[in-house]
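J.: Below is the file model00.cif, with mmCIF, C-alpha atoms.
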```cif
data_coords
#
loop_
_atom_site.label_atom_id
_atom_site.label_comp_id
_atom_site.auth_asym_id
_atom_site.auth_seq_id
_atom_site.Cartn_x
_atom_site.Cartn_y
_atom_site.Cartn_z
CA MET A 1438 13.81 1.93 4.79
CA LEU A 1439 12.42 -0.19 1.95
CA LYS A 1440 9.20 -2.08 2.68
CA ILE A 1441 8.60 -5.29 0.75
CA ILE A 1442 5.64 -7.65 0.95
CA HIS A 1443 6.45 -11.20 -0.13
CA THR A 1444 3.54 -13.43 -1.16
CA ALA A 1445 2.95 -16.41 -3.45
CA ASP A 1446 0.69 -19.35 -4.27
CA ILE A 1447 -2.59 -17.47 -4.07
CA HIS A 1448 -4.25 -19.69 -6.72
CA LEU A 1449 -7.18 -17.40 -7.48
CA ASP A 1450 -10.04 -19.20 -9.25
CA SER A 1451 -9.00 -22.46 -7.62
CA PRO A 1452 -11.80 -25.00 -7.11
CA PHE A 1453 -12.32 -26.31 -3.58
CA ARG A 1454 -13.14 -30.00 -3.46
CA MET A 1455 -15.48 -30.63 -0.55
CA GLU A 1456 -18.54 -32.80 -0.06
CA ASN A 1457 -20.50 -29.72 1.00
CA LEU A 1458 -20.85 -27.72 -2.23
CA GLN A 1459 -22.16 -24.64 -0.46
CA LYS A 1460 -19.12 -24.50 1.78
CA ALA A 1461 -16.85 -25.18 -1.19
CA GLN A 1462 -18.24 -22.03 -2.84
CA ALA A 1463 -17.81 -20.14 0.41
CA ARG A 1464 -14.14 -21.15 0.46
CA LYS A 1465 -13.70 -19.86 -3.10
CA ASN A 1466 -15.15 -16.51 -2.00
CA GLU A 1467 -12.91 -16.49 1.07
CA LEU A 1468 -9.84 -16.94 -1.12
CA ARG A 1469 -10.74 -13.71 -2.86
CA ALA A 1470 -11.39 -12.09 0.50
CA ALA A 1471 -7.89 -13.09 1.63
CA PHE A 1472 -6.43 -11.45 -1.48
CA SER A 1473 -8.43 -8.31 -0.75
CA SER A 1474 -7.04 -8.35 2.79
CA LEU A 1475 -3.52 -8.65 1.36
CA MET A 1476 -4.08 -5.61 -0.84
CA LEU A 1477 -5.59 -3.60 2.01
CA TRP A 1478 -2.65 -4.53 4.26
CA ALA A 1479 -0.19 -3.41 1.56
CA ARG A 1480 -1.85 0.01 1.45
CA SER A 1481 -2.02 0.37 5.23
CA GLU A 1482 1.69 -0.54 5.53
CA GLN A 1483 2.53 1.78 2.62
CA ALA A 1484 4.55 -1.04 1.10
CA ASP A 1485 6.96 0.02 -1.64
CA ILE A 1486 7.02 -3.32 -3.46
CA MET A 1487 4.97 -6.50 -3.49
CA LEU A 1488 6.76 -9.58 -4.78
CA ILE A 1489 4.30 -12.23 -6.04
CA ALA A 1490 6.40 -15.36 -6.48
CA GLY A 1491 4.17 -17.37 -8.80
CA ASP A 1492 0.74 -18.97 -9.00
CA LEU A 1493 -1.23 -15.77 -8.51
CA PHE A 1494 -3.90 -17.60 -10.52
CA ASP A 1495 -4.65 -21.31 -10.43
CA SER A 1496 -4.28 -21.59 -14.20
CA PRO A 1497 -2.98 -19.52 -17.12
CA HIS A 1498 -6.61 -18.98 -18.17
CA PRO A 1499 -8.56 -17.57 -15.20
CA THR A 1500 -12.05 -16.21 -15.63
CA PRO A 1501 -12.33 -12.60 -16.84
CA ASP A 1502 -14.05 -11.78 -13.55
CA ALA A 1503 -11.05 -13.02 -11.54
CA VAL A 1504 -8.64 -11.07 -13.73
CA GLU A 1505 -10.59 -7.83 -13.38
CA PHE A 1506 -10.78 -8.40 -9.62
CA VAL A 1507 -6.97 -8.53 -9.46
CA LEU A 1508 -6.37 -5.62 -11.86
CA ASP A 1509 -8.77 -3.43 -9.92
CA HIS A 1510 -6.79 -4.03 -6.72
CA PHE A 1511 -3.52 -3.19 -8.50
CA ARG A 1512 -5.02 0.06 -9.82
CA LYS A 1513 -6.16 1.09 -6.35
CA ASN A 1514 -2.58 1.15 -5.05
CA PRO A 1515 -0.52 3.03 -7.67
CA ALA A 1516 2.22 3.85 -5.13
CA CYS A 1517 3.17 0.17 -4.79
CA ARG A 1518 5.17 -1.71 -7.43
CA PHE A 1519 3.76 -5.18 -7.98
CA VAL A 1520 6.22 -7.72 -9.40
CA ILE A 1521 4.92 -11.07 -10.68
CA SER A 1522 6.96 -14.17 -11.51
CA PRO A 1523 4.50 -16.62 -13.15
CA GLY A 1524 4.61 -20.15 -11.77
CA ASN A 1525 3.82 -23.64 -13.00
CA HIS A 1526 0.07 -23.12 -12.56
CA ASP A 1527 -0.25 -19.66 -14.14
CA PHE A 1528 2.66 -19.97 -16.58
CA CYS A 1529 3.17 -17.25 -19.17
CA ALA A 1530 2.31 -18.57 -22.65
CA ALA A 1531 1.04 -16.89 -25.80
CA ASP A 1532 -2.62 -17.18 -24.82
CA SER A 1533 -2.18 -16.80 -21.06
CA VAL A 1534 -3.59 -14.12 -18.79
CA TYR A 1535 -0.25 -12.28 -18.78
CA GLU A 1536 -0.28 -11.85 -22.57
CA LYS A 1537 -4.01 -11.33 -23.13
CA TYR A 1538 -4.55 -8.54 -20.60
CA ASP A 1539 -2.99 -5.13 -20.11
CA PHE A 1540 -1.68 -4.77 -16.58
CA PRO A 1541 -1.38 -1.33 -14.93
CA GLU A 1542 1.89 0.61 -15.17
CA ASN A 1543 2.78 -0.22 -11.56
CA VAL A 1544 2.84 -3.96 -12.36
CA THR A 1545 5.88 -5.80 -13.72
CA VAL A 1546 5.34 -9.31 -15.10
CA PHE A 1547 8.38 -11.40 -16.00
CA LYS A 1548 7.50 -13.22 -19.21
CA THR A 1549 10.51 -15.35 -20.16
CA SER A 1550 12.29 -18.26 -18.53
CA SER A 1551 15.56 -16.28 -18.70
CA LEU A 1552 16.62 -14.07 -15.81
CA THR A 1553 15.66 -10.45 -16.54
CA ALA A 1554 15.56 -7.27 -14.51
CA VAL A 1555 13.83 -3.92 -14.08
CA HIS A 1556 15.48 -1.01 -12.31
CA PHE A 1557 14.13 1.83 -10.20
CA GLU A 1558 16.34 4.81 -9.39
CA ASN A 1559 14.65 5.91 -6.19
CA ILE A 1560 12.44 3.75 -4.03
CA ALA A 1561 12.70 4.79 -0.40
CA GLY A 1562 16.00 6.43 -1.25
CA TYR A 1563 17.56 3.36 -2.90
CA ARG A 1564 18.31 2.22 -6.41
CA VAL A 1565 16.41 -1.05 -6.53
CA ASN A 1566 17.07 -3.80 -9.06
CA LEU A 1567 14.26 -6.33 -9.40
CA TYR A 1568 15.15 -9.64 -11.02
CA GLY A 1569 12.88 -12.48 -11.98
CA TYR A 1570 11.81 -15.07 -14.52
CA ALA A 1571 8.69 -16.97 -15.55
CA PHE A 1572 7.52 -20.49 -16.11
CA THR A 1573 6.49 -20.47 -19.79
CA SER A 1574 5.00 -23.96 -19.54
CA PRO A 1575 4.15 -26.23 -16.59
CA ILE A 1576 7.80 -27.34 -16.58
CA LEU A 1577 11.00 -25.38 -15.95
CA ASP A 1578 13.81 -27.88 -15.54
CA HIS A 1579 16.64 -25.46 -14.73
CA ASN A 1580 17.40 -22.55 -12.44
CA PRO A 1581 17.65 -19.31 -14.48
CA PHE A 1582 20.03 -17.71 -11.97
CA ALA A 1583 22.21 -20.78 -11.38
CA SER A 1584 25.41 -19.11 -12.65
CA PHE A 1585 24.48 -15.52 -11.83
CA SER A 1586 26.48 -13.44 -9.37
CA LEU A 1587 26.24 -9.78 -8.37
CA PRO A 1588 29.08 -7.74 -6.89
CA LYS A 1589 28.61 -6.05 -3.52
CA SER A 1590 27.09 -2.58 -3.77
CA ASP A 1591 24.85 -0.10 -2.01
CA GLU A 1592 22.03 -0.92 -4.42
CA ILE A 1593 19.28 -3.27 -3.29
CA ASN A 1594 18.97 -6.39 -5.43
CA LEU A 1595 15.82 -8.47 -5.20
CA LEU A 1596 14.77 -11.68 -6.92
CA THR A 1597 11.32 -13.20 -7.16
CA GLY A 1598 10.85 -16.68 -8.58
CA HIS A 1599 8.90 -19.91 -8.42
CA GLY A 1600 10.84 -23.09 -7.74
CA THR A 1601 11.94 -25.94 -5.50
CA LEU A 1602 14.88 -25.82 -3.12
CA THR A 1603 16.73 -29.06 -3.75
CA SER A 1604 20.16 -30.55 -4.24
CA GLU A 1605 18.80 -32.62 -7.14
CA GLY A 1606 17.30 -31.77 -10.53
CA GLY A 1607 13.58 -31.58 -11.24
CA ARG A 1608 10.82 -30.11 -13.37
CA ASP A 1609 9.79 -27.31 -11.00
CA CYS A 1610 12.81 -25.00 -11.32
CA PRO A 1611 15.29 -26.83 -9.07
CA ILE A 1612 17.25 -24.30 -6.97
CA LYS A 1613 20.30 -25.28 -4.95
CA PRO A 1614 20.88 -23.35 -1.71
CA GLU A 1615 24.49 -22.70 -2.73
CA GLU A 1616 23.19 -20.98 -5.89
CA ILE A 1617 21.30 -18.54 -3.67
CA ARG A 1618 24.41 -17.96 -1.57
CA ALA A 1619 26.52 -17.22 -4.66
CA SER A 1620 23.93 -15.03 -6.38
CA GLY A 1621 24.65 -11.78 -4.53
CA PHE A 1622 20.94 -11.01 -4.17
CA ASP A 1623 19.90 -9.29 -0.99
CA TYR A 1624 16.50 -11.01 -0.82
CA VAL A 1625 15.18 -14.01 -2.78
CA ALA A 1626 11.38 -14.28 -2.65
CA LEU A 1627 10.34 -17.84 -3.49
CA GLY A 1628 7.03 -19.47 -4.28
CA HIS A 1629 5.78 -23.01 -4.99
CA ILE A 1630 6.05 -24.63 -1.55
CA HIS A 1631 2.86 -23.95 0.41
CA ASN A 1632 4.30 -24.62 3.86
CA THR A 1633 6.91 -22.09 4.95
CA PRO A 1634 9.53 -22.39 7.70
CA GLY A 1635 9.96 -18.62 7.48
CA ILE A 1636 12.59 -16.35 6.00
CA GLN A 1637 16.14 -17.61 6.46
CA LYS A 1638 19.63 -16.39 5.63
CA ILE A 1639 22.44 -18.04 3.71
CA GLY A 1640 25.65 -16.08 3.29
CA ASP A 1641 24.53 -12.47 2.86
CA THR A 1642 21.19 -13.36 1.28
CA TYR A 1643 17.78 -13.54 2.93
CA TYR A 1644 15.52 -16.06 1.25
CA GLY A 1645 12.47 -18.24 1.77
CA TYR A 1646 8.97 -19.23 0.79
CA ALA A 1647 5.96 -17.08 1.55
CA GLY A 1648 3.74 -20.16 1.71
CA SER A 1649 0.19 -20.04 0.38
CA LEU A 1650 -2.01 -17.07 1.16
CA GLU A 1651 -5.10 -19.13 1.96
CA PRO A 1652 -5.00 -22.91 2.59
CA ARG A 1653 -6.84 -25.00 0.02
CA ALA A 1654 -6.48 -28.58 1.29
CA PHE A 1655 -5.56 -30.65 4.32
CA ASN A 1656 -1.88 -30.68 3.40
CA ASP A 1657 -1.91 -26.86 3.78
CA ARG A 1658 -2.10 -26.85 7.56
CA GLY A 1659 -1.88 -24.03 10.03
CA GLU A 1660 -1.98 -20.26 9.58
CA ARG A 1661 -1.30 -18.70 6.18
CA GLY A 1662 -0.42 -15.18 5.13
CA ALA A 1663 2.50 -13.15 3.82
CA PHE A 1664 5.78 -11.63 4.95
CA LEU A 1665 6.66 -7.98 5.42
CA SER A 1666 10.41 -7.39 5.03
CA GLU A 1667 11.86 -4.04 6.04
CA ILE A 1668 15.25 -3.53 4.41
CA GLU A 1669 18.07 -1.06 4.92
CA LYS A 1670 21.52 -1.06 3.32
CA LYS A 1671 24.54 1.02 4.26
CA GLU A 1672 28.04 0.69 2.83
CA GLY A 1673 27.09 -2.61 1.26
CA VAL A 1674 25.80 -4.08 4.53
CA LEU A 1675 22.15 -5.14 4.52
CA SER A 1676 19.80 -5.39 7.46
CA CYS A 1677 16.44 -7.08 7.03
CA ARG A 1678 13.64 -7.45 9.55
CA THR A 1679 10.84 -9.82 8.55
CA SER A 1680 7.40 -10.28 10.08
CA PHE A 1681 4.70 -12.80 9.25
CA TYR A 1682 1.07 -11.66 9.08
CA ARG A 1683 -1.85 -14.04 9.06
CA LEU A 1684 -4.27 -13.15 6.28
CA CYS A 1685 -6.15 -16.43 5.79
CA LYS A 1686 -9.81 -16.72 6.66
CA ARG A 1687 -9.65 -20.40 7.66
CA ILE A 1688 -7.13 -22.99 8.79
CA TYR A 1689 -6.91 -26.69 7.96
CA ALA A 1690 -5.97 -29.25 10.56
CA VAL A 1691 -5.58 -33.03 10.77
CA GLU A 1692 -5.92 -34.81 14.10
CA SER A 1693 -5.79 -38.46 15.17
CA LEU A 1694 -7.92 -39.59 18.09
CA ASN A 1695 -7.31 -43.01 19.62
CA LEU A 1696 -10.52 -44.49 21.03
CA THR A 1697 -9.09 -47.79 22.28
CA GLY A 1698 -11.26 -49.24 25.02
CA LEU A 1699 -13.73 -46.34 24.98
CA SER A 1700 -17.48 -46.44 24.61
CA GLY A 1701 -20.49 -44.11 24.73
CA GLU A 1702 -19.93 -40.81 26.52
CA ALA A 1703 -16.22 -41.53 26.96
CA ILE A 1704 -15.81 -41.26 23.17
CA LEU A 1705 -17.57 -37.88 23.13
CA ASP A 1706 -15.56 -36.67 26.13
CA ALA A 1707 -12.31 -37.54 24.36
CA LEU A 1708 -13.39 -35.63 21.26
CA SER A 1709 -14.57 -32.61 23.28
CA SER A 1710 -11.25 -32.52 25.10
CA LEU A 1711 -9.34 -32.57 21.82
CA LEU A 1712 -11.35 -29.71 20.33
CA ARG A 1713 -10.94 -27.60 23.47
CA LYS A 1714 -7.22 -28.29 23.80
CA LYS A 1715 -6.51 -27.32 20.20
CA GLY A 1716 -8.85 -24.35 20.22
CA TYR A 1717 -10.57 -25.39 17.00
CA GLY A 1718 -13.63 -23.36 16.15
CA SER A 1719 -15.60 -21.77 13.34
CA ASP A 1720 -12.44 -20.93 11.38
CA THR A 1721 -11.31 -24.58 11.27
CA LEU A 1722 -11.58 -27.26 8.60
CA LEU A 1723 -10.70 -30.48 10.41
CA ARG A 1724 -9.92 -33.97 9.17
CA LEU A 1725 -10.46 -36.24 12.16
CA GLU A 1726 -8.88 -39.69 12.02
CA LEU A 1727 -10.53 -42.05 14.53
CA GLU A 1728 -8.32 -44.98 15.49
CA GLY A 1729 -8.03 -47.85 17.93
CA ALA A 1730 -10.14 -50.78 19.10
CA LEU A 1731 -13.41 -49.75 20.71
CA ALA A 1732 -14.71 -51.24 23.92
CA PRO A 1733 -16.63 -54.53 23.51
CA ASP A 1734 -20.06 -54.22 21.87
CA THR A 1735 -19.57 -50.50 21.19
CA GLU A 1736 -20.70 -48.67 18.08
CA LEU A 1737 -19.54 -45.20 17.25
CA PRO A 1738 -22.20 -42.60 18.16
CA VAL A 1739 -22.15 -41.14 14.65
CA GLY A 1740 -24.93 -38.59 15.12
CA LYS A 1741 -23.52 -37.26 18.40
CA ILE A 1742 -20.01 -36.96 16.94
CA GLU A 1743 -21.37 -34.96 14.01
CA ALA A 1744 -23.32 -32.73 16.42
CA LEU A 1745 -20.20 -32.16 18.49
CA THR A 1746 -18.25 -30.97 15.44
CA ASP A 1747 -20.98 -28.61 14.25
CA SER A 1748 -19.06 -25.71 15.81
CA LEU A 1749 -16.33 -26.19 13.18
CA PHE A 1750 -16.61 -24.71 9.71
CA TYR A 1751 -16.15 -28.18 8.25
CA CYS A 1752 -15.25 -31.60 9.57
CA GLU A 1753 -14.23 -34.65 7.57
CA ILE A 1754 -14.21 -37.77 9.72
CA LYS A 1755 -12.32 -40.94 8.82
CA ASP A 1756 -13.26 -44.00 10.84
CA HIS A 1757 -10.32 -46.38 11.15
CA THR A 1758 -11.49 -47.92 14.43
CA THR A 1759 -11.93 -51.63 14.87
CA PRO A 1760 -14.83 -52.96 16.93
CA GLY A 1761 -14.10 -54.65 20.22
CA TYR A 1762 -16.41 -57.65 20.31
CA ASP A 1763 -16.70 -60.51 22.78
CA LEU A 1764 -16.15 -63.06 20.04
CA GLN A 1765 -16.38 -66.11 22.34
CA ARG A 1766 -19.83 -65.06 23.45
CA LEU A 1767 -20.94 -64.20 19.93
CA ARG A 1768 -19.74 -67.56 18.58
CA LYS A 1769 -22.32 -69.27 20.82
CA ASP A 1770 -25.16 -67.00 19.72
CA PRO A 1771 -27.81 -69.22 18.03
CA THR A 1772 -29.06 -66.39 15.77
CA MET A 1773 -27.73 -64.99 12.52
CA LYS A 1774 -25.24 -62.95 14.56
CA GLY A 1775 -23.51 -66.10 15.73
CA GLU A 1776 -23.56 -67.55 12.23
CA LEU A 1777 -21.90 -64.37 10.93
CA VAL A 1778 -19.11 -64.64 13.52
CA ARG A 1779 -18.56 -68.32 12.82
CA THR A 1780 -18.38 -67.66 9.05
CA LEU A 1781 -15.83 -64.88 9.53
CA ALA A 1782 -13.80 -66.79 12.14
CA PRO A 1783 -11.00 -67.93 9.75
CA LEU A 1784 -10.35 -64.34 8.71
CA LEU A 1785 -10.74 -62.98 12.24
CA GLU A 1786 -8.02 -65.36 13.37
CA SER A 1787 -5.79 -64.89 10.34
CA GLU A 1788 -2.10 -64.16 10.77
CA LYS A 1789 -2.46 -61.37 8.21
CA GLU A 1790 -3.43 -58.07 9.79
CA GLU A 1791 -5.08 -56.97 6.55
CA ASP A 1792 -7.43 -59.98 6.68
CA ARG A 1793 -8.26 -59.42 10.35
CA LEU A 1794 -9.09 -55.75 9.81
CA LEU A 1795 -11.25 -56.56 6.80
CA ALA A 1796 -13.13 -59.23 8.76
CA LEU A 1797 -13.65 -56.89 11.73
CA ARG A 1798 -15.12 -54.26 9.46
CA ALA A 1799 -17.40 -56.80 7.81
CA LEU A 1800 -18.46 -57.97 11.27
CA LYS A 1801 -19.13 -54.38 12.30
CA TYR A 1802 -21.40 -53.76 9.33
CA GLY A 1803 -23.11 -57.11 9.61
CA LEU A 1804 -23.91 -56.87 13.34
CA SER A 1805 -25.12 -53.30 12.91
CA ALA A 1806 -27.48 -54.36 10.12
CA LEU A 1807 -28.72 -57.40 12.06
CA SER A 1808 -29.45 -55.12 15.03
CA GLY A 1809 -31.68 -52.98 12.83
CA ASN A 1810 -29.30 -50.01 12.76
CA ASP A 1811 -28.07 -48.02 9.79
CA VAL A 1812 -24.84 -49.31 8.33
CA ALA A 1813 -22.96 -46.05 8.68
CA ASP A 1814 -19.34 -45.31 8.01
CA PHE A 1815 -17.42 -42.08 7.89
#
```
Let me see whether you can do it: turn the structure in this file into structure tokens.
T.:
Amino acid sequence: MLKIIHTADIHLDSPFRMENLQKAQARKNELRAAFSSLMLWARSEQADIMLIAGDLFDSPHPTPDAVEFVLDHFRKNPACRFVISPGNHDFCAADSVYEKYDFPENVTVFKTSSLTAVHFENIAGYRVNLYGYAFTSPILDHNPFASFSLPKSDEINLLTGHGTLTSEGGRDCPIKPEEIRASGFDYVALGHIHNTPGIQKIGDTYYGYAGSLEPRAFNDRGERGAFLSEIEKKEGVLSCRTSFYRLCKRIYAVESLNLTGLSGEAILDALSSLLRKKGYGSDTLLRLELEGALAPDTELPVGKIEALTDSLFYCEIKDHTTPGYDLQRLRKDPTMKGELVRTLAPLLESEKEEDRLLALRALKYGLSALSGNDVADF
């Protein structure tokens, strides 16, 4: 049985853009830790091959420290063959990491945008043919295996590549599903798309995206990791069992919380309930979208909300709520508060929702300031 680990989109040396610089640095360290976990898992599984389907590094010019970190891990597992297909971020050019550094003998790096192959006579009892290609610039506007087709055989044929599954053209190696079906490959390991639906099958070919190893932004939601595929082939018939393993240190999540009609402790109760229901904790980076019209004369308890989310690794709160004011009462107020409401009245009563929302936010800030409170906004 042949054991393959399929990974991609690791983006080592990637910057993490967060307001908290200390936590941003922690995330950069955790990305390396996730890669170390991947390498340790490969050794513990005694994987025969690791397919790295592009964007191992975040750029073609990573720091020497990051490169040595990767090379050291490759050297520590000489029994595993590492196969790299450079992507649009770490493309293989004359001055790139893949040309400037000497990789260990157990590492194969595809360096041209043409389909090429390496062959191994005996891996787990099989002749294994490893095909791949590289981005040689940020753009690859064609599929290098579009017209390629292998005959049926008892050999195992693998492809690793970076690209986009699409029925249209594009600049990120557009790959049509029917091209995978016609290729004759047993397994096509793809990279580039960070969210994976898992490994699928079309015709006789297993294929799919590994997804990113460690999430880097709020559009990389949920658990991240890599796939282990255990392959056997007899009389030209392939069987493949795939398993997903979480290797990420953190998860990103985005939640919307409607606070319509709520005030005070009811707001905090609603937030507590959401956090409990979802099981978010110290491994979570959460973007919380607060929506709805608050109860009359209610201000968001900013400090208490921040205290409630302290149990998370990081929380980014977006306040889209609109205040619920008793405008008739405020209109009659003889102080500056009433004057503010009367001045904003045309916009507050506008037929345009954009104008009404803008006026409500201005009213929110103005009344807060006139009450002697901080003008706070998430």
J.: Would you give me, as JSON lines, each residue of stretch 1717-1800 of chain A having an atom within 10 Å of an atom of stretch 1652-1657 of chain A, along with its shortest atom pair and that distance in Å to one decimal, using only C-alpha atoms and sorting by chain and residue number?
T.:
```
{"residue": "A:Leu1722", "atom": "CA", "partner": "A:Phe1655", "partner_atom": "CA", "distance": 8.1}
{"residue": "A:Leu1723", "atom": "CA", "partner": "A:Phe1655", "partner_atom": "CA", "distance": 8.0}
{"residue": "A:Arg1724", "atom": "CA", "partner": "A:Phe1655", "partner_atom": "CA", "distance": 7.3}
```
J.: Set the distance at 12 Å and use all atoms listed in the file: which residues neighbour A:Val1520 once local chain neighbours fewer than 4 positions away are removed? I'd like the list as a short mmCIF file (atom, residue, chain, number, x, y, z; two decimals) with C-alpha atoms, in the frame of the given file.
T.:
```cif
data_model
loop_
_atom_site.label_atom_id
_atom_site.label_comp_id
_atom_site.auth_asym_id
_atom_site.auth_seq_id
_atom_site.Cartn_x
_atom_site.Cartn_y
_atom_site.Cartn_z
CA ILE A 1441 8.60 -5.29 0.75
CA ILE A 1442 5.64 -7.65 0.95
CA HIS A 1443 6.45 -11.20 -0.13
CA THR A 1444 3.54 -13.43 -1.16
CA ALA A 1445 2.95 -16.41 -3.45
CA ASP A 1485 6.96 0.02 -1.64
CA ILE A 1486 7.02 -3.32 -3.46
CA MET A 1487 4.97 -6.50 -3.49
CA LEU A 1488 6.76 -9.58 -4.78
CA ILE A 1489 4.30 -12.23 -6.04
CA ALA A 1490 6.40 -15.36 -6.48
CA GLY A 1491 4.17 -17.37 -8.80
CA LEU A 1493 -1.23 -15.77 -8.51
CA PHE A 1511 -3.52 -3.19 -8.50
CA PHE A 1540 -1.68 -4.77 -16.58
CA PRO A 1541 -1.38 -1.33 -14.93
CA GLU A 1542 1.89 0.61 -15.17
CA ASN A 1543 2.78 -0.22 -11.56
CA VAL A 1544 2.84 -3.96 -12.36
CA THR A 1545 5.88 -5.80 -13.72
CA VAL A 1546 5.34 -9.31 -15.10
CA PHE A 1547 8.38 -11.40 -16.00
CA LYS A 1548 7.50 -13.22 -19.21
CA ALA A 1554 15.56 -7.27 -14.51
CA VAL A 1555 13.83 -3.92 -14.08
CA HIS A 1556 15.48 -1.01 -12.31
CA ASN A 1566 17.07 -3.80 -9.06
CA LEU A 1567 14.26 -6.33 -9.40
CA TYR A 1568 15.15 -9.64 -11.02
CA GLY A 1569 12.88 -12.48 -11.98
CA TYR A 1570 11.81 -15.07 -14.52
CA ALA A 1571 8.69 -16.97 -15.55
CA LEU A 1595 15.82 -8.47 -5.20
CA LEU A 1596 14.77 -11.68 -6.92
CA THR A 1597 11.32 -13.20 -7.16
CA GLY A 1598 10.85 -16.68 -8.58
CA ALA A 1626 11.38 -14.28 -2.65
#
```
J.: Please list as JSON, numbers by chain every residue within 12 Å of A:Pro1588, counting all atoms listed in the file and excluding residues in the same chain fewer than 3 positions away.
T.: {"A": [1585, 1591, 1592, 1593, 1594, 1619, 1620, 1621, 1622, 1623, 1641, 1673]}
J.: Mind writing the picked residues with C-alpha atoms as a short mmCIF file (atom, residue, chain, number, x, y, z; two decimals), in the frame of the given file?
T.:
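This is the output file part-v6.cif:
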```cif
data_model
loop_
_atom_site.label_atom_id
_atom_site.label_comp_id
_atom_site.auth_asym_id
_atom_site.auth_seq_id
_atom_site.Cartn_x
_atom_site.Cartn_y
_atom_site.Cartn_z
CA PHE A 1585 24.48 -15.52 -11.83
CA ASP A 1591 24.85 -0.10 -2.01
CA GLU A 1592 22.03 -0.92 -4.42
CA ILE A 1593 19.28 -3.27 -3.29
CA ASN A 1594 18.97 -6.39 -5.43
CA ALA A 1619 26.52 -17.22 -4.66
CA SER A 1620 23.93 -15.03 -6.38
CA GLY A 1621 24.65 -11.78 -4.53
CA PHE A 1622 20.94 -11.01 -4.17
CA ASP A 1623 19.90 -9.29 -0.99
CA ASP A 1641 24.53 -12.47 2.86
CA GLY A 1673 27.09 -2.61 1.26
#
```
J.: Mind giving me the straight-line distance from atom CA of A:Asp1792 to atom CA of A:Glu1776 in Å, one decimal?
T.: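 Computing the Euclidean distance for atom CA of A:Asp1792 and atom CA of A:Glu1776 yields 18.7 Å.
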J.: Once the PyMOL selection byres ((chain A and resi 1743) around 12) has been applied to the shown file, what residues remain in the selection, as a PyMOL selection string?
T.: chain A and resi 1705+1708-1709+1725+1737-1742+1744-1749+1751-1754+1815
